[in-house]
Amino acid sequence: MPFEWIAAMRFLAEGRMQTAFILVGAAIGVAVIVFLSAILTGMQQNIIRRSLLSQAHIVIQPAEEVARPQPRGVPGGGEVSVVQKRAQRLLSIDQWQKIVDEVRGVPGVKVVSPTVAGPAFALRGDASKSVSVNGIVPEEYNRIVPLPDKMVAGTWRLASTDVLVGDELAKDLGAGVGDKLRLATAAGSGVTLTITGIFDLGSRGVNERNAYVLLRTAQDLLNLPGGASAIDVTVDDVWAAEDVAQRITARVGLQADSWIRTNQQFFIALNAQTISNIVLRISVGVSVALGIASVLVVSVVQKSREIGILRAMGASRRQVMDVFLIQGGIVGLAGSFIGSAIAAVALRMFQGMLRNPDGTPLFLLPFDPRLVAWAAVIATLTGLAAAVTPARRAAKLDPVVAIRA
Amino acid sequence: MPDAVLTLEGVRKSYDKGKPTENEVLHGVDLALGRGEFVALIGPSGSGKSTLLNVIGLLDRPDAGKLFVEGRDTSRLDEHALTRLRGHTIGFVFQYHYLLSAFSAIENVMMPLLLERGRPDAAMRERAAALLEKVGLARWAANPVGNLSGGQQQRVAVARALAMGPPLVLADEPTGNLDTKSADGVFELMREVNAANGTAFLVVTHDPRLAARCDRVVELVDGRIVTDAVRRAA
């Protein structure tokens, strides 16, 4: 081991109390940062996971219909007109098969699934409930919303006369698997289907309103023969959804809304959390750095004679400086390991305390090893930075003054 | 002197240079130390002994005059070269031992070699062990220096000063903090090293008894050498 490392370790070992103090200080700082970061990312991931569970990352819809008044063109004369907004019909995306193929070729896109969605009434006996009919291609759609995992009764497989309903809707209608259900639209068309499966997507609203049928069944019911009213898309990186949506718009010329845009409020809140976390990290980091620096400055003062004699014996300024820089780095690194261990224990306890009524953890808080690696790197750099001032002070010591002092 | 370890020519040194309190401490000192000499530097407090020792030890530069170490003109050397030259040619023994308390006796003796070569090796350890043997502390090699007596600590300091095999050792009141018996032991040790290795010693002392046991006595008064007497042939 080189001289600088030996001396750094010995100096740290010698100043037992001081070393213990700065180690504990650094460890607490790292523990706070790791703990809070894990909780924050865990919570964010949970919220995102839940909100993306029953939702595509990007939805492509047909262009809105707009009223375009023809100007009558009175030369030289002004014209005042009131243009009423057009009511939006349920429309099919023009040449949606071609668009589906094109979107599949957009980088970052994972799954593309055409759907036909529209309002209808679910009728059974005296009960009548308004529902949102979703015509899907099950094999594709399952890769967006994992229906097979969400079934509480029956099967997810659909034939053209089958329908899947949520558990709330089934309860409201008093229906079970195998029962008949009539879906009727305001326009007057209707179809009688068999309930083959009941799902629970984890959201009351969705479980009350959603009914899944085959694409073709929905096309007939909603009077969109051969059409698709929307194309659902999932992407590889959920955070890049907006970029991918813009790429899709650029390629196919249709409005593509990412979940990031449709949940903007949520993202503003998320950003505020992230920023406050960064501010917190920086403040903790600075106070840890100041702690390390002040202890090392004291150590330099205490050891000024020994440093002077080292210089007299031929130690270069660089060597003396490195001895103290290394001490700062070691304290940061060791503090990060101790702190990460403390944070891991605290997270485990926290997860054990917050439980759902059914005993499952309220949050899944993954203890990310990358976070520990980052903490180690940052804490070591912080320790080094904190040691710069004391180290330069030590290196600048004039051996004569140091020895005579 | 033809085979000089050290030559000073008209060395002057002031403190607070350029300020109203400017004070010239050394007024043109000429001195030459030959190989293997054992010289006492005496003089009253404030005569400039310590300043002279700092200049000779390359810890401080003279304001005027020249200082040759092993024939090399030190005024041309930069900070780094000076540090290297100091490490190789001059060993220090101070009134207070200034050993590194975080290290054992043998590690303290190894320290100059460690600073020079960067990392410890077996040869270094052997040399340090041999030096400790020579100063009679082989048994205490692994002890932290804080556990040694004052006399033992000063012996470790002497062994450390010899680690690089320097042609010159500067000793500033090396026995000032020791009781008479320990002081005698340390002084005898230095004489033995001088006789066995031909290492030159310049010993600053207040103690006339010690000065009397040196080969040559240089007396400094008010920054000038007033007497320079050879007591007996080396």
# chains A, B, ... in the order shown; residues from 1 in each chain; ligands from 1

call {"tool": "interface_residues", "arguments": {"of": "chain B", "to": "chain A", "cutoff": "8 Å", "atoms": "only C-alpha atoms", "output": "list of chain:residue names"}}
result
B:Asn54, B:Leu59, B:Asp60, B:His80, B:Thr83, B:Arg84, B:Arg86, B:Gly87, B:His88, B:Gly91, B:Phe92, B:Tyr98, B:Leu99, B:Leu100, B:Ala102, B:Phe103, B:Pro112, B:Leu114, B:Leu115, B:Glu116, B:Gly118, B:Arg119, B:Pro120

call {"tool": "write_last_selection", "arguments": {"atoms": "N, CA and C atoms", "output": "tab-separated table (two decimals), in the first residue's frame"}}
result
chain	number	residue	atom	x	y	z
B	54	ASN	N	18.19	26.08	10.44
B	54	ASN	CA	17.13	25.99	9.42
B	54	ASN	C	17.69	26.21	8.03
B	59	LEU	N	15.59	24.11	5.21
B	59	LEU	CA	14.20	24.39	5.57
B	59	LEU	C	13.88	25.85	5.28
B	60	ASP	N	14.93	26.66	5.20
B	60	ASP	CA	14.78	28.09	4.99
B	60	ASP	C	15.89	28.52	4.04
B	80	HIS	N	10.94	21.60	-5.11
B	80	HIS	CA	10.86	20.14	-5.19
B	80	HIS	C	12.26	19.52	-5.07
B	83	THR	N	13.53	19.71	-1.59
B	83	THR	CA	12.94	18.68	-0.73
B	83	THR	C	13.65	17.34	-0.92
B	84	ARG	N	13.94	17.03	-2.18
B	84	ARG	CA	14.64	15.77	-2.47
B	84	ARG	C	16.04	15.76	-1.88
B	86	ARG	N	17.19	17.51	0.55
B	86	ARG	CA	17.10	17.46	2.01
B	86	ARG	C	16.88	16.03	2.47
B	87	GLY	N	15.95	15.35	1.81
B	87	GLY	CA	15.64	13.97	2.19
B	87	GLY	C	16.84	13.06	2.08
B	88	HIS	N	17.68	13.29	1.08
B	88	HIS	CA	18.80	12.39	0.83
B	88	HIS	C	20.05	12.71	1.62
B	91	GLY	N	19.86	14.39	7.81
B	91	GLY	CA	18.98	13.78	8.79
B	91	GLY	C	18.75	14.78	9.91
B	92	PHE	N	17.54	14.77	10.50
B	92	PHE	CA	17.23	15.72	11.57
B	92	PHE	C	16.96	14.99	12.88
B	98	TYR	N	9.37	14.37	17.81
B	98	TYR	CA	8.50	14.49	16.63
B	98	TYR	C	8.33	13.19	15.88
B	99	LEU	N	8.22	12.12	16.62
B	99	LEU	CA	7.89	10.86	15.95
B	99	LEU	C	6.40	10.88	15.63
B	100	LEU	N	5.99	10.07	14.67
B	100	LEU	CA	4.58	10.00	14.32
B	100	LEU	C	3.90	9.01	15.27
B	102	ALA	N	1.11	7.73	15.38
B	102	ALA	CA	0.21	6.72	14.83
B	102	ALA	C	0.97	5.48	14.34
B	103	PHE	N	2.33	5.55	14.42
B	103	PHE	CA	3.12	4.46	13.86
B	103	PHE	C	4.00	3.82	14.92
B	112	PRO	N	11.38	7.93	6.30
B	112	PRO	CA	12.04	8.66	5.21
B	112	PRO	C	12.17	7.82	3.94
B	114	LEU	N	10.17	5.38	3.11
B	114	LEU	CA	8.81	5.22	2.59
B	114	LEU	C	8.40	6.45	1.77
B	115	LEU	N	8.76	7.62	2.29
B	115	LEU	CA	8.43	8.85	1.57
B	115	LEU	C	9.16	8.88	0.23
B	116	GLU	N	10.38	8.38	0.23
B	116	GLU	CA	11.18	8.40	-0.98
B	116	GLU	C	10.65	7.41	-2.01
B	118	GLY	N	7.71	5.54	-1.86
B	118	GLY	CA	6.27	5.49	-2.09
B	118	GLY	C	5.56	4.37	-1.37
B	119	ARG	N	6.09	3.13	-1.41
B	119	ARG	CA	5.42	2.04	-0.71
B	119	ARG	C	6.43	1.15	0.00
B	120	PRO	N	6.01	0.54	1.09
B	120	PRO	CA	6.96	-0.22	1.90
B	120	PRO	C	7.43	-1.49	1.19

call {"tool": "select_by_dssp", "arguments": {"residues": "segment 19-199 of chain A", "states": "helix (DSSP H, G or I)", "output": "compact mmCIF listing (two decimals) with N, CA and C atoms, in the first residue's frame"}}
result
# COMPACT_ATOMS: atom_id res chain seq x y z
N THR A 19 -12.81 10.34 14.42
CA THR A 19 -13.18 9.52 13.26
C THR A 19 -14.57 8.97 13.44
N ALA A 20 -14.87 8.50 14.66
CA ALA A 20 -16.21 7.95 14.91
C ALA A 20 -17.27 9.03 14.67
N PHE A 21 -17.00 10.23 15.13
CA PHE A 21 -17.98 11.31 14.96
C PHE A 21 -18.24 11.59 13.48
N ILE A 22 -17.17 11.76 12.70
CA ILE A 22 -17.44 12.11 11.29
C ILE A 22 -18.04 10.92 10.56
N LEU A 23 -17.66 9.70 10.94
CA LEU A 23 -18.25 8.53 10.28
C LEU A 23 -19.75 8.49 10.56
N VAL A 24 -20.12 8.68 11.82
CA VAL A 24 -21.55 8.66 12.17
C VAL A 24 -22.28 9.78 11.43
N GLY A 25 -21.65 10.96 11.41
CA GLY A 25 -22.27 12.09 10.71
C GLY A 25 -22.51 11.77 9.25
N ALA A 26 -21.46 11.25 8.58
CA ALA A 26 -21.59 10.93 7.15
C ALA A 26 -22.62 9.82 6.96
N ALA A 27 -22.61 8.81 7.87
CA ALA A 27 -23.53 7.69 7.73
C ALA A 27 -24.97 8.16 7.86
N ILE A 28 -25.23 9.03 8.83
CA ILE A 28 -26.61 9.52 9.01
C ILE A 28 -27.05 10.28 7.76
N GLY A 29 -26.16 11.11 7.25
CA GLY A 29 -26.49 11.86 6.04
C GLY A 29 -26.85 10.93 4.90
N VAL A 30 -25.99 9.93 4.66
CA VAL A 30 -26.25 8.99 3.57
C VAL A 30 -27.54 8.22 3.83
N ALA A 31 -27.76 7.81 5.09
CA ALA A 31 -28.95 7.04 5.42
C ALA A 31 -30.21 7.85 5.10
N VAL A 32 -30.20 9.14 5.48
CA VAL A 32 -31.37 9.99 5.23
C VAL A 32 -31.62 10.08 3.72
N ILE A 33 -30.55 10.31 2.97
CA ILE A 33 -30.72 10.48 1.53
C ILE A 33 -31.21 9.18 0.89
N VAL A 34 -30.58 8.07 1.22
CA VAL A 34 -30.98 6.79 0.61
C VAL A 34 -32.41 6.44 1.00
N PHE A 35 -32.74 6.62 2.28
CA PHE A 35 -34.07 6.28 2.76
C PHE A 35 -35.15 7.10 2.05
N LEU A 36 -34.95 8.42 2.04
CA LEU A 36 -35.96 9.28 1.42
C LEU A 36 -36.06 9.04 -0.08
N SER A 37 -34.91 8.83 -0.72
CA SER A 37 -34.94 8.60 -2.16
C SER A 37 -35.69 7.32 -2.47
N ALA A 38 -35.43 6.28 -1.67
CA ALA A 38 -36.10 5.00 -1.91
C ALA A 38 -37.61 5.15 -1.72
N ILE A 39 -38.00 5.87 -0.66
CA ILE A 39 -39.43 6.04 -0.41
C ILE A 39 -40.07 6.82 -1.55
N LEU A 40 -39.39 7.88 -1.96
CA LEU A 40 -39.96 8.72 -3.02
C LEU A 40 -40.09 7.94 -4.31
N THR A 41 -39.01 7.28 -4.74
CA THR A 41 -39.10 6.54 -6.01
C THR A 41 -40.09 5.40 -5.88
N GLY A 42 -40.11 4.76 -4.71
CA GLY A 42 -41.06 3.67 -4.50
C GLY A 42 -42.49 4.15 -4.64
N MET A 43 -42.79 5.30 -4.02
CA MET A 43 -44.14 5.83 -4.07
C MET A 43 -44.50 6.23 -5.50
N GLN A 44 -43.56 6.89 -6.15
CA GLN A 44 -43.84 7.31 -7.52
C GLN A 44 -44.09 6.11 -8.42
N GLN A 45 -43.24 5.10 -8.25
CA GLN A 45 -43.40 3.91 -9.09
C GLN A 45 -44.75 3.25 -8.84
N ASN A 46 -45.15 3.22 -7.56
CA ASN A 46 -46.43 2.61 -7.22
C ASN A 46 -47.58 3.35 -7.88
N ILE A 47 -47.52 4.69 -7.77
CA ILE A 47 -48.60 5.48 -8.35
C ILE A 47 -48.65 5.28 -9.86
N ILE A 48 -47.46 5.30 -10.47
CA ILE A 48 -47.42 5.16 -11.93
C ILE A 48 -47.90 3.77 -12.33
N ARG A 49 -47.43 2.77 -11.57
CA ARG A 49 -47.82 1.40 -11.90
C ARG A 49 -49.34 1.26 -11.85
N ARG A 50 -49.92 1.85 -10.80
CA ARG A 50 -51.38 1.73 -10.66
C ARG A 50 -52.09 2.47 -11.78
N SER A 51 -51.60 3.67 -12.11
CA SER A 51 -52.35 4.43 -13.10
C SER A 51 -52.11 3.88 -14.51
N LEU A 52 -51.03 3.15 -14.72
CA LEU A 52 -50.77 2.61 -16.06
C LEU A 52 -51.36 1.22 -16.23
N LEU A 53 -51.90 0.70 -15.12
CA LEU A 53 -52.38 -0.67 -15.15
C LEU A 53 -53.54 -0.84 -16.13
N TRP A 96 -57.03 2.49 -40.72
CA TRP A 96 -56.33 2.21 -39.47
C TRP A 96 -55.38 1.04 -39.56
N GLN A 97 -55.66 0.05 -40.46
CA GLN A 97 -54.74 -1.10 -40.57
C GLN A 97 -53.36 -0.64 -41.01
N LYS A 98 -53.37 0.30 -41.95
CA LYS A 98 -52.10 0.80 -42.47
C LYS A 98 -51.36 1.59 -41.37
N ILE A 99 -52.15 2.36 -40.61
CA ILE A 99 -51.54 3.16 -39.55
C ILE A 99 -50.96 2.27 -38.45
N VAL A 100 -51.69 1.19 -38.11
CA VAL A 100 -51.18 0.25 -37.11
C VAL A 100 -49.81 -0.28 -37.56
N ASP A 101 -49.70 -0.66 -38.82
CA ASP A 101 -48.42 -1.17 -39.32
C ASP A 101 -47.33 -0.11 -39.23
N GLU A 102 -47.70 1.13 -39.57
CA GLU A 102 -46.70 2.19 -39.54
C GLU A 102 -46.23 2.49 -38.12
N VAL A 103 -47.21 2.51 -37.19
CA VAL A 103 -46.87 2.84 -35.80
C VAL A 103 -45.97 1.74 -35.22
N ARG A 104 -46.20 0.51 -35.64
CA ARG A 104 -45.34 -0.59 -35.15
C ARG A 104 -43.88 -0.34 -35.52
N PRO A 138 -57.96 -9.41 -28.31
CA PRO A 138 -57.46 -9.81 -26.99
C PRO A 138 -55.96 -10.09 -26.95
N GLU A 139 -55.44 -10.76 -27.98
CA GLU A 139 -54.02 -11.14 -27.95
C GLU A 139 -53.12 -9.90 -27.89
N GLU A 140 -53.55 -8.83 -28.58
CA GLU A 140 -52.77 -7.60 -28.56
C GLU A 140 -53.03 -6.82 -27.27
N TYR A 141 -54.31 -6.72 -26.95
CA TYR A 141 -54.69 -5.87 -25.83
C TYR A 141 -54.14 -6.40 -24.50
N LEU A 147 -55.20 -8.56 -18.94
CA LEU A 147 -56.50 -9.08 -18.52
C LEU A 147 -56.42 -10.47 -17.88
N PRO A 148 -55.62 -11.39 -18.46
CA PRO A 148 -55.61 -12.74 -17.86
C PRO A 148 -55.26 -12.72 -16.38
N ASP A 149 -54.38 -11.77 -15.96
CA ASP A 149 -54.00 -11.71 -14.54
C ASP A 149 -55.10 -11.10 -13.68
N LYS A 150 -56.05 -10.44 -14.31
CA LYS A 150 -57.01 -9.65 -13.55
C LYS A 150 -58.36 -10.33 -13.42
N ASP A 167 -66.11 -6.55 -11.92
CA ASP A 167 -66.84 -7.18 -10.81
C ASP A 167 -67.95 -6.27 -10.26
N GLU A 168 -67.73 -4.95 -10.32
CA GLU A 168 -68.75 -4.03 -9.82
C GLU A 168 -70.00 -4.05 -10.70
N LEU A 169 -69.74 -4.06 -12.02
CA LEU A 169 -70.86 -4.08 -12.96
C LEU A 169 -71.64 -5.38 -12.79
N ALA A 170 -70.90 -6.48 -12.66
CA ALA A 170 -71.56 -7.78 -12.49
C ALA A 170 -72.45 -7.75 -11.25
N LYS A 171 -71.95 -7.13 -10.19
CA LYS A 171 -72.71 -7.05 -8.95
C LYS A 171 -73.97 -6.20 -9.16
N ASP A 172 -73.77 -5.04 -9.82
CA ASP A 172 -74.91 -4.14 -10.04
C ASP A 172 -76.01 -4.82 -10.85
N LEU A 173 -75.58 -5.67 -11.80
CA LEU A 173 -76.56 -6.30 -12.68
C LEU A 173 -77.03 -7.64 -12.11

call {"tool": "residues_around", "arguments": {"residues": "Lys110 of chain A", "least_positions_apart": "6", "cutoff": "12 Å", "atoms": "only C-alpha atoms", "output": "NGL selection string"}}
result
:A and (56-58 or 100 or 103-104 or 140-141 or 143-144 or 232-238 or 241 or 244)

call {"tool": "write_last_selection", "arguments": {"atoms": "N, CA and C atoms", "output": "compact mmCIF listing (two decimals), in the first residue's frame"}}
result
# COMPACT_ATOMS: atom_id res chain seq x y z
N ALA A 56 -53.50 2.66 -21.71
CA ALA A 56 -52.40 2.57 -22.66
C ALA A 56 -51.47 3.75 -22.45
N HIS A 57 -50.21 3.62 -22.86
CA HIS A 57 -49.26 4.72 -22.70
C HIS A 57 -49.57 5.86 -23.68
N ILE A 58 -50.00 5.44 -24.87
CA ILE A 58 -50.33 6.44 -25.88
C ILE A 58 -51.64 6.01 -26.55
N VAL A 100 -51.69 1.19 -38.11
CA VAL A 100 -51.18 0.25 -37.11
C VAL A 100 -49.81 -0.28 -37.56
N VAL A 103 -47.21 2.51 -37.19
CA VAL A 103 -46.87 2.84 -35.80
C VAL A 103 -45.97 1.74 -35.22
N ARG A 104 -46.20 0.51 -35.64
CA ARG A 104 -45.34 -0.59 -35.15
C ARG A 104 -43.88 -0.34 -35.52
N GLU A 140 -53.55 -8.83 -28.58
CA GLU A 140 -52.77 -7.60 -28.56
C GLU A 140 -53.03 -6.82 -27.27
N TYR A 141 -54.31 -6.72 -26.95
CA TYR A 141 -54.69 -5.87 -25.83
C TYR A 141 -54.14 -6.40 -24.50
N ARG A 143 -51.39 -7.44 -23.89
CA ARG A 143 -50.02 -6.97 -23.66
C ARG A 143 -50.01 -5.52 -23.18
N ILE A 144 -51.16 -4.86 -23.27
CA ILE A 144 -51.27 -3.50 -22.74
C ILE A 144 -51.87 -3.54 -21.34
N ASP A 232 -54.45 1.89 -29.33
CA ASP A 232 -53.70 1.95 -28.08
C ASP A 232 -52.26 1.51 -28.33
N VAL A 233 -51.34 2.21 -27.69
CA VAL A 233 -49.92 1.91 -27.91
C VAL A 233 -49.24 1.83 -26.54
N THR A 234 -48.38 0.87 -26.38
CA THR A 234 -47.47 0.91 -25.22
C THR A 234 -46.05 1.06 -25.74
N VAL A 235 -45.21 1.63 -24.87
CA VAL A 235 -43.83 1.92 -25.28
C VAL A 235 -42.87 1.20 -24.34
N ASP A 236 -41.62 1.11 -24.76
CA ASP A 236 -40.61 0.43 -23.94
C ASP A 236 -40.32 1.22 -22.68
N ASP A 237 -40.15 2.53 -22.84
CA ASP A 237 -39.79 3.37 -21.70
C ASP A 237 -40.97 4.31 -21.44
N VAL A 238 -41.67 4.10 -20.31
CA VAL A 238 -42.88 4.89 -20.07
C VAL A 238 -42.56 6.38 -19.99
N ALA A 241 -42.71 8.29 -23.32
CA ALA A 241 -43.99 8.17 -24.03
C ALA A 241 -44.32 9.42 -24.84
N VAL A 244 -42.27 9.56 -27.98
CA VAL A 244 -42.76 8.57 -28.95
C VAL A 244 -44.07 9.07 -29.56

call {"tool": "atom_distance", "arguments": {"atom1": "atom CA of Thr21 of chain B", "atom2": "atom CA of Ala64 of chain B"}}
result
18.7 Å

call {"tool": "residues_around", "arguments": {"residues": "Ala386 of chain A", "least_positions_apart": "6", "cutoff": "7 Å", "atoms": "only C-alpha atoms", "output": "list in words"}}
result
Ala289, Leu290, Ile292, Ala293 and Gly328 of chain A

call {"tool": "residues_around", "arguments": {"residues": "Val131 of chain A", "least_positions_apart": "2", "cutoff": "12 Å", "atoms": "only C-alpha atoms", "output": "short mmCIF file (atom, residue, chain, number, x, y, z; two decimals) with N, CA and C atoms, in the first residue's frame"}}
result
data_model
loop_
_atom_site.label_atom_id
_atom_site.label_comp_id
_atom_site.auth_asym_id
_atom_site.auth_seq_id
_atom_site.Cartn_x
_atom_site.Cartn_y
_atom_site.Cartn_z
N ALA A 117 -64.19 1.92 -29.15
CA ALA A 117 -64.76 2.20 -27.83
C ALA A 117 -65.89 3.18 -27.97
N GLY A 118 -66.96 2.92 -27.25
CA GLY A 118 -68.08 3.83 -27.32
C GLY A 118 -69.06 3.53 -26.19
N PRO A 119 -70.05 4.41 -26.00
CA PRO A 119 -71.00 4.24 -24.90
C PRO A 119 -72.15 3.31 -25.29
N ALA A 120 -72.66 2.61 -24.28
CA ALA A 120 -73.82 1.75 -24.49
C ALA A 120 -74.49 1.52 -23.14
N PHE A 121 -75.66 0.89 -23.18
CA PHE A 121 -76.32 0.50 -21.94
C PHE A 121 -76.23 -1.00 -21.79
N ALA A 122 -75.96 -1.42 -20.56
CA ALA A 122 -76.00 -2.85 -20.28
C ALA A 122 -77.35 -3.13 -19.64
N LEU A 123 -78.11 -4.02 -20.23
CA LEU A 123 -79.46 -4.28 -19.76
C LEU A 123 -79.56 -5.73 -19.30
N SER A 128 -80.40 -1.41 -15.67
CA SER A 128 -79.81 -0.78 -16.84
C SER A 128 -78.65 0.09 -16.37
N LYS A 129 -77.51 -0.17 -16.93
CA LYS A 129 -76.31 0.56 -16.51
C LYS A 129 -75.62 1.10 -17.75
N VAL A 133 -68.14 0.43 -23.86
CA VAL A 133 -67.85 -0.82 -24.58
C VAL A 133 -66.48 -0.70 -25.23
N ASN A 134 -65.63 -1.67 -24.99
CA ASN A 134 -64.30 -1.67 -25.59
C ASN A 134 -64.16 -2.90 -26.47
N LEU A 164 -66.69 -9.47 -21.45
CA LEU A 164 -66.07 -9.48 -20.12
C LEU A 164 -66.54 -8.23 -19.39
N VAL A 165 -66.94 -8.39 -18.14
CA VAL A 165 -67.40 -7.21 -17.37
C VAL A 165 -66.61 -7.13 -16.07
N GLY A 166 -66.61 -5.93 -15.48
CA GLY A 166 -65.95 -5.74 -14.20
C GLY A 166 -66.77 -6.31 -13.07
N GLU A 168 -67.73 -4.95 -10.32
CA GLU A 168 -68.75 -4.03 -9.82
C GLU A 168 -70.00 -4.05 -10.70
N LEU A 169 -69.74 -4.06 -12.02
CA LEU A 169 -70.86 -4.08 -12.96
C LEU A 169 -71.64 -5.38 -12.79
N ALA A 170 -70.90 -6.48 -12.66
CA ALA A 170 -71.56 -7.78 -12.49
C ALA A 170 -72.45 -7.75 -11.25
N ASP A 172 -73.77 -5.04 -9.82
CA ASP A 172 -74.91 -4.14 -10.04
C ASP A 172 -76.01 -4.82 -10.85
N LEU A 173 -75.58 -5.67 -11.80
CA LEU A 173 -76.56 -6.30 -12.68
C LEU A 173 -77.03 -7.64 -12.11
N ARG A 182 -77.56 -7.88 -22.35
CA ARG A 182 -77.83 -7.17 -23.60
C ARG A 182 -77.15 -5.81 -23.56
N LEU A 183 -76.45 -5.51 -24.65
CA LEU A 183 -75.86 -4.19 -24.79
C LEU A 183 -76.64 -3.44 -25.85
N ALA A 184 -77.04 -2.21 -25.52
CA ALA A 184 -77.82 -1.44 -26.48
C ALA A 184 -77.27 -0.02 -26.54
N THR A 185 -77.31 0.55 -27.75
CA THR A 185 -76.82 1.92 -27.89
C THR A 185 -77.98 2.88 -28.01
N ALA A 186 -77.68 4.16 -27.85
CA ALA A 186 -78.71 5.18 -27.96
C ALA A 186 -79.26 5.23 -29.38
N GLY A 205 -64.04 2.73 -10.63
CA GLY A 205 -64.66 3.33 -11.81
C GLY A 205 -64.56 2.41 -13.02
N VAL A 206 -63.38 1.84 -13.22
CA VAL A 206 -63.17 0.96 -14.38
C VAL A 206 -64.00 -0.31 -14.21
N ASN A 207 -64.04 -0.85 -13.01
CA ASN A 207 -64.78 -2.09 -12.77
C ASN A 207 -66.29 -1.90 -12.93
N GLU A 208 -66.75 -0.66 -12.76
CA GLU A 208 -68.17 -0.36 -12.89
C GLU A 208 -68.59 -0.13 -14.34
N ARG A 209 -67.65 0.37 -15.14
CA ARG A 209 -68.04 0.89 -16.45
C ARG A 209 -67.55 0.08 -17.64
N ASN A 210 -66.41 -0.61 -17.47
CA ASN A 210 -65.82 -1.22 -18.67
C ASN A 210 -66.42 -2.58 -19.02
N ALA A 211 -66.66 -2.75 -20.29
CA ALA A 211 -67.07 -4.06 -20.80
C ALA A 211 -66.20 -4.33 -22.02
N TYR A 212 -65.60 -5.51 -22.07
CA TYR A 212 -64.72 -5.85 -23.20
C TYR A 212 -65.40 -6.87 -24.10
#

call {"tool": "residues_around", "arguments": {"residues": "Glu107 of chain B", "least_positions_apart": "2", "cutoff": "9 Å", "atoms": "only C-alpha atoms", "output": "PDB file with C-alpha atoms, in the first residue's frame"}}
result
ATOM      1  CA  LEU B 100       4.579  10.004  14.323  1.00  0.00           C
ATOM      2  CA  PHE B 103       3.115   4.462  13.855  1.00  0.00           C
ATOM      3  CA  SER B 104       5.333   1.882  15.550  1.00  0.00           C
ATOM      4  CA  ALA B 105       9.032   2.443  16.242  1.00  0.00           C
ATOM      5  CA  VAL B 109      12.460   4.655  11.213  1.00  0.00           C
ATOM      6  CA  MET B 110      11.237   3.479   7.814  1.00  0.00           C
ATOM      7  CA  MET B 111       9.371   6.729   7.193  1.00  0.00           C
ATOM      8  CA  LEU B 114       8.807   5.216   2.589  1.00  0.00           C
ATOM      9  CA  ARG B 125      12.030  -3.012   6.856  1.00  0.00           C
ATOM     10  CA  ALA B 128      15.010  -0.036   9.723  1.00  0.00           C
ATOM     11  CA  ALA B 141      10.465  -2.347  17.105  1.00  0.00           C
ATOM     12  CA  ALA B 142       6.755  -3.134  16.973  1.00  0.00           C
TER      13      ALA B 142
END

call {"tool": "residues_around", "arguments": {"residues": "Arg12 of chain B", "least_positions_apart": "2", "cutoff": "10 Å", "atoms": "only C-alpha atoms", "output": "ChimeraX atom specification"}}
result
/B:8-10,14,24-30,52,55,61-66,223-224

call {"tool": "write_last_selection", "arguments": {"atoms": "C-alpha atoms", "output": "mmCIF file, in the first residue's frame"}}
result
data_model
loop_
_atom_site.group_PDB
_atom_site.id
_atom_site.type_symbol
_atom_site.label_atom_id
_atom_site.label_comp_id
_atom_site.auth_asym_id
_atom_site.auth_seq_id
_atom_site.Cartn_x
_atom_site.Cartn_y
_atom_site.Cartn_z
ATOM 1 C CA LEU B 8 28.315 28.464 3.740
ATOM 2 C CA GLU B 9 29.644 31.633 2.147
ATOM 3 C CA GLY B 10 28.508 34.975 3.552
ATOM 4 C CA SER B 14 16.580 38.571 8.032
ATOM 5 C CA GLU B 24 18.853 40.684 10.374
ATOM 6 C CA VAL B 25 19.664 37.596 12.382
ATOM 7 C CA LEU B 26 22.646 36.231 10.461
ATOM 8 C CA HIS B 27 25.241 38.770 9.325
ATOM 9 C CA GLY B 28 27.351 36.919 6.819
ATOM 10 C CA VAL B 29 28.214 33.512 8.146
ATOM 11 C CA ASP B 30 31.075 31.493 6.601
ATOM 12 C CA LEU B 52 21.393 28.978 11.003
ATOM 13 C CA VAL B 55 19.217 27.446 6.610
ATOM 14 C CA ARG B 61 16.602 29.932 2.231
ATOM 15 C CA PRO B 62 19.302 32.530 2.933
ATOM 16 C CA ASP B 63 18.602 36.112 1.809
ATOM 17 C CA ALA B 64 22.170 36.523 0.647
ATOM 18 C CA GLY B 65 25.268 34.375 0.396
ATOM 19 C CA LYS B 66 25.643 30.845 -0.838
ATOM 20 C CA GLY B 223 24.620 36.292 14.142
ATOM 21 C CA ARG B 224 28.378 36.054 13.698
#

call {"tool": "atom_distance", "arguments": {"atom1": "atom CA of Arg213 of chain B", "atom2": "atom CA of Ser50 of chain B"}}
result
20.8 Å

call {"tool": "select_by_dssp", "arguments": {"residues": "segment 34-118 of chain B", "states": "strand (DSSP E or B)", "output": "tab-separated table (two decimals) with C-alpha atoms, in the first residue's frame"}}
result
chain	number	residue	atom	x	y	z
B	34	GLY	CA	33.94	18.25	6.44
B	38	PHE	CA	31.42	16.04	14.86
B	39	VAL	CA	30.76	19.72	15.53
B	40	ALA	CA	29.00	21.57	18.35
B	41	LEU	CA	27.22	24.82	17.60
B	42	ILE	CA	26.92	26.90	20.76
B	64	ALA	CA	22.17	36.52	0.65
B	65	GLY	CA	25.27	34.37	0.40
B	66	LYS	CA	25.64	30.85	-0.84
B	67	LEU	CA	25.01	27.43	0.56
B	68	PHE	CA	26.60	24.36	-0.99
B	69	VAL	CA	25.48	20.88	0.03
B	72	ARG	CA	25.80	21.65	-5.11
B	73	ASP	CA	24.73	25.27	-5.11
B	90	ILE	CA	20.36	15.62	5.79
B	91	GLY	CA	18.98	13.78	8.79
B	92	PHE	CA	17.23	15.72	11.57
B	93	VAL	CA	17.11	15.14	15.30
B	104	SER	CA	5.33	1.88	15.55
